[in-house]
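Structure first, commentary second.
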Amino acid sequence: MTTFAAARLVLGREIRAKLRDKAFLFSTVSFLFIIIASIAIPTLIGGGATKVAAVDSAAGAALRQAGFEIVEVPDAAAAERLVRDGDVEAAVVAGPRVIALDEQPDEVVKALSTAPEVQLLDELPYNRALAIIVPLAIAMLCYLTSLLFGLQIAQSVVEEKATRIVEILVSSVSPRALLAGKVGAMSILAFAQIALLAVVTVVGLKVTGTDAGLLDVIAPALGWFLPFFVLGFVMLATIWAAVGALAARMEDLGSTSGTAQMIVLIPFFAVIFLRDNPAALTALSYFPLSSPMAMPIRIFQQDAAGWEPFLALAIVAVTAALLLGVGARIYEGSLLRTNTRTSILAAWKTRPTAG
Amino acid sequence: MTTTVLDVGAVDRSFGDRQVLKDVSFSVAAGRLTGFVGANGAGKTTTMRIILGVLAADSGTVTWRGVPVTREARQRFGYMPEERGLYPKMTVADQVVYLARLHGLSAADARRRTTALLDRLELGPRAGDQVEKLSLGNQQRVQIAAALVHDPELLVLDEPFSGLDPLAADSVVTVLRERAAAGAAVLFSSHQLELVERLCDDLVIIADGTIRAAGSRDELRGQHTLARYAIEVEADAGWLRDEPGVTIVDLDGAHAVLELAPGTDDQHILRAALAHGPVRSFGPVRPSLAEIFREVIK
């Protein structure tokens, strides 16, 4: 059997095992729930259009155009009654005069007044809220999936060591096939989960009509986010497998995974805190560990030249290849040391298994 | 006529500066059960791991049917490590099918053989249960199924009987005999010397990382049989003290164990005994495996 065929078998088992794992299913469902809730709740709370009573039909027409629901009333007394009863938010009576109960009806006032024209000299292609939310979302997504799925790779390696099945596995297939199958399976699951969340988000935004051109604005950044995320994930996946192989029991993971957690955590905080500093963000967008977060943010901010993402991606790819080699060697060197946790040095020096 | 299939040749292995295997050489024949005997830490597990390619040898060779063992050849080996291990959350059948497929079986073959083997090991009704829900004895049977499912040409079992109750041990013995009869080579290690003695055709004895004795059980017995006889007579056997060429090892009334000097005719002793009265039994003393073991590891 070829290494590839063996890796495919391992991959198949890993995916089936994960799909039956309650913790994994629960986390996926929770993410979905959070996304659906965060899209649906504002729409539900927003309710329908604000109700306004109007005596004057001309004012009523102007308000209707601005999206208010108009209740026509015969006179000011009737309008006042509706306001007092809470049936409408505000009423417009002759004058025009606006009546409300205990709060300035700013929206209604704005709709009735004529605002002067405003010209922005340096207009952003998106609003200020998005400028904050999108980079945060990209960084969070990268950080959380790396950490969650990375830890799961480590756990599934430790499980095989702790249950000692690893010796049977290694006697029939090469450690590289095992490693490739595991990393492949977890990558597929991570991408599938991201894709599922992305599809639900897009569909949710379309259905509730809160899209408002948002998708067009973030599409290029998202398009680049994908290859960066894929390579970035694979880059760290073998390191997580090595972290798992260094441990002998689940309890050891806390100490062996410290370095890997820092490798994920430090770039994340660097990007979060330095995202408004163009020079720092540019540097971070080329540093391979932070590049998958920083470069899509720069693309979103329309700050990166056309060739820049290609260069950054190439740097990530080279780093991924290097770390793959390092991770694989540590993995093979520590896989069969099932009694105690292994030091990185000892794992590095251990001769691999026979052909 | 036996056919040697597995040859371990001059294998050395050290862990750090501790040499655990020194010039280890022995062979395993097809169709025979070979017992691998040694004290704890003598090097049994390391040797087996090297045969399976789980560990690399520092020097020396392992050949299968005359050529150095490849991963391809190892696909036809079955291995039961000393430290048992299965995926606790996987069902019995899925687990065995998966391991069969890792050994190169097609999905259909793997499933068919798994069903047959689980039935054979009386695990059929538990096929759909998660391994962690099984009793330890049944988990052990699953482990054996995992080593056997791809019908290996070489079976390497590290302490297959440890932790088994006598009934389960018997069923393992039966299965191993069947496999050997079907032509497989079987190498197993054990501490239980009486069991090895009863079961195996060939023996390899290892101590401190060196092979102290290897060969067929009967051959080894022959080599280690001293000119020692046991006799039981009707009356007192004390007259034996005066027989020329006889050294008494043990004398207890009518029962005696004696050693004959080279050139002394055992039939002469028998005739002398008959002259003294009725003889109930007379014959050479066959050393037990435990005795041979103690002697060769000295």
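Each chain in the structure tokens gets a letter, A, B, ..., in the order shown, and its residues are numbered from 1; ligands are numbered from 1 in order too.
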
> Residues of chain B within 9 Å of chain A, using only C-alpha atoms, as a PyMOL selection string?
Replying inline: chain B and resi 49-50+52-57+69-72+74-81+83-90+98-99+101-104+146-147

> Phe24 (chain A): which residues within 12 Å, counting only C-alpha atoms, same-chain residues fewer than 4 positions away excluded, as a list in words?
Replying inline: Ile15, Arg16, Ala17, Lys18, Leu19, Arg20, Thr28, Val29, Ser30, Phe31, Leu148, Phe149, Leu151, Gln152, Met186, Leu189, Ala190 and Gln193 of chain A

> Counting only C-alpha atoms, what is within 12 Å of region 172-174 of chain B, bar same-chain residues fewer than 6 positions away, as a ChimeraX atom specification?
Replying inline: /B:33,120-122,137-138,140-145,147-148,157,159-162,164-166,180-181,186,188,195-196,198-200

>> If you run DSSP on the backbone here, which positions in region 73-300 of chain A get helix (DSSP H, G or I)? Please write them as JSON, numbers by chain.
In response: {"A": [76, 77, 78, 79, 80, 81, 82, 83, 84, 85, 106, 107, 108, 109, 110, 111, 112, 128, 129, 130, 131, 132, 133, 134, 135, 136, 137, 138, 139, 140, 141, 142, 143, 144, 145, 146, 147, 148, 149, 150, 151, 152, 153, 154, 155, 156, 157, 158, 159, 160, 161, 162, 165, 166, 167, 168, 169, 170, 171, 172, 175, 176, 177, 178, 179, 180, 181, 182, 183, 184, 185, 186, 187, 188, 189, 190, 191, 192, 193, 194, 195, 196, 197, 198, 199, 200, 201, 202, 203, 204, 205, 206, 207, 208, 214, 215, 216, 217, 218, 219, 220, 221, 222, 223, 224, 225, 226, 227, 228, 229, 230, 231, 232, 233, 234, 235, 236, 237, 238, 239, 240, 241, 242, 243, 244, 245, 246, 250, 251, 252, 253, 254, 255, 256, 258, 259, 260, 261, 262, 263, 264, 265, 266, 267, 268, 269, 270, 271, 272, 273, 274, 278, 279, 280, 281, 282, 283, 284, 285, 286, 291, 292, 293, 294, 295, 296, 297, 298, 299, 300]}

>> Neighbouring residues of Glu291 (chain B) were defined as those with any atom within 10 Å, considering only C-alpha atoms; residues of the same chain fewer than 3 positions away were excluded. Please report them as a PyMOL selection string.
In response: chain B and resi 193+221+224+286-288+294-296

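You will find CA of Phe282 (chain B) at 4.4 Å from CA of Ile231 (chain B).
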
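Look at region 239-247 of chain A: the protein and nucleic acid residues within 7 Å of it, using only C-alpha atoms and passing over chain neighbours fewer than 2 places away, are Gly150, Leu151, Ile153, Ala154, Gln155, Val157, Val158, Leu236, Ala237, Arg249, Asp252, Leu253, Thr256, Ser257, Ala260, Leu323, Gly327, Ala328, Ile330, Tyr331, Ser334, Leu335, Arg341, Thr342 and Ser343 of chain A.
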
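The residue set within 8 Å of Phe26 (chain B), counting only C-alpha atoms and dropping same-chain residues fewer than 6 places from it, reads Asp7, Val8, Gly9, Val204, Ile211 and Ala214 of chain B.
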
Just N, CA and C atoms for this one: save the residues we selected as a PDB file, in the first residue's frame.
```pdb
ATOM      1  N   ASP B   7      14.441 -14.333   9.443  1.00  0.00           N
ATOM      2  CA  ASP B   7      15.791 -14.449   9.960  1.00  0.00           C
ATOM      3  C   ASP B   7      16.210 -13.144  10.611  1.00  0.00           C
ATOM      4  N   VAL B   8      16.552 -13.230  11.877  1.00  0.00           N
ATOM      5  CA  VAL B   8      17.093 -12.063  12.557  1.00  0.00           C
ATOM      6  C   VAL B   8      18.592 -12.292  12.613  1.00  0.00           C
ATOM      7  N   GLY B   9      19.378 -11.372  12.027  1.00  0.00           N
ATOM      8  CA  GLY B   9      20.813 -11.620  11.920  1.00  0.00           C
ATOM      9  C   GLY B   9      21.663 -10.545  12.560  1.00  0.00           C
ATOM     10  N   VAL B 204      13.369 -19.798  21.638  1.00  0.00           N
ATOM     11  CA  VAL B 204      14.502 -18.871  21.611  1.00  0.00           C
ATOM     12  C   VAL B 204      14.611 -18.319  23.021  1.00  0.00           C
ATOM     13  N   ILE B 211      21.228 -13.933  22.752  1.00  0.00           N
ATOM     14  CA  ILE B 211      20.505 -15.187  22.600  1.00  0.00           C
ATOM     15  C   ILE B 211      21.335 -16.283  23.265  1.00  0.00           C
ATOM     16  N   ALA B 214      18.716 -21.473  21.108  1.00  0.00           N
ATOM     17  CA  ALA B 214      17.652 -21.409  20.119  1.00  0.00           C
ATOM     18  C   ALA B 214      17.598 -22.732  19.396  1.00  0.00           C
TER      19      ALA B 214
END
```

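DSSP secondary structure from the backbone places B:Leu33, B:Thr34, B:Gly35, B:Phe36, B:Val37, B:Gly38, B:Ser59, B:Gly60, B:Thr61, B:Val62, B:Thr63, B:Trp64, B:Val67, B:Pro68, B:Phe77, B:Gly78, B:Tyr79, B:Met80, B:Leu154, B:Leu155, B:Val156, B:Leu157, B:Ala185, B:Val186, B:Leu187, B:Phe188, B:Ser189 of region 33-193 of chain B in strand (DSSP E).
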
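The nearest approach to Arg97 (chain A) among the residues A:Ala53, A:Leu82, A:Ala248, A:Ala294, with only C-alpha atoms taken into account, belongs to A:Ala53.
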
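Proximity ranking of B:Ala182, B:Leu289, B:Ala213, B:Leu187 relative to Leu154 (chain B) places B:Leu187 first, based on only C-alpha atoms.
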
> So, counting only C-alpha atoms, which residue among A:Glu103, A:Asp303, A:Glu80, A:Glu117 is closest to Asn277 (chain A)?
Replying inline: A:Asp303

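With CA of Asp106 (chain A) on one side and CA of Arg81 (chain A) on the other, the separation reads 20.5 Å.
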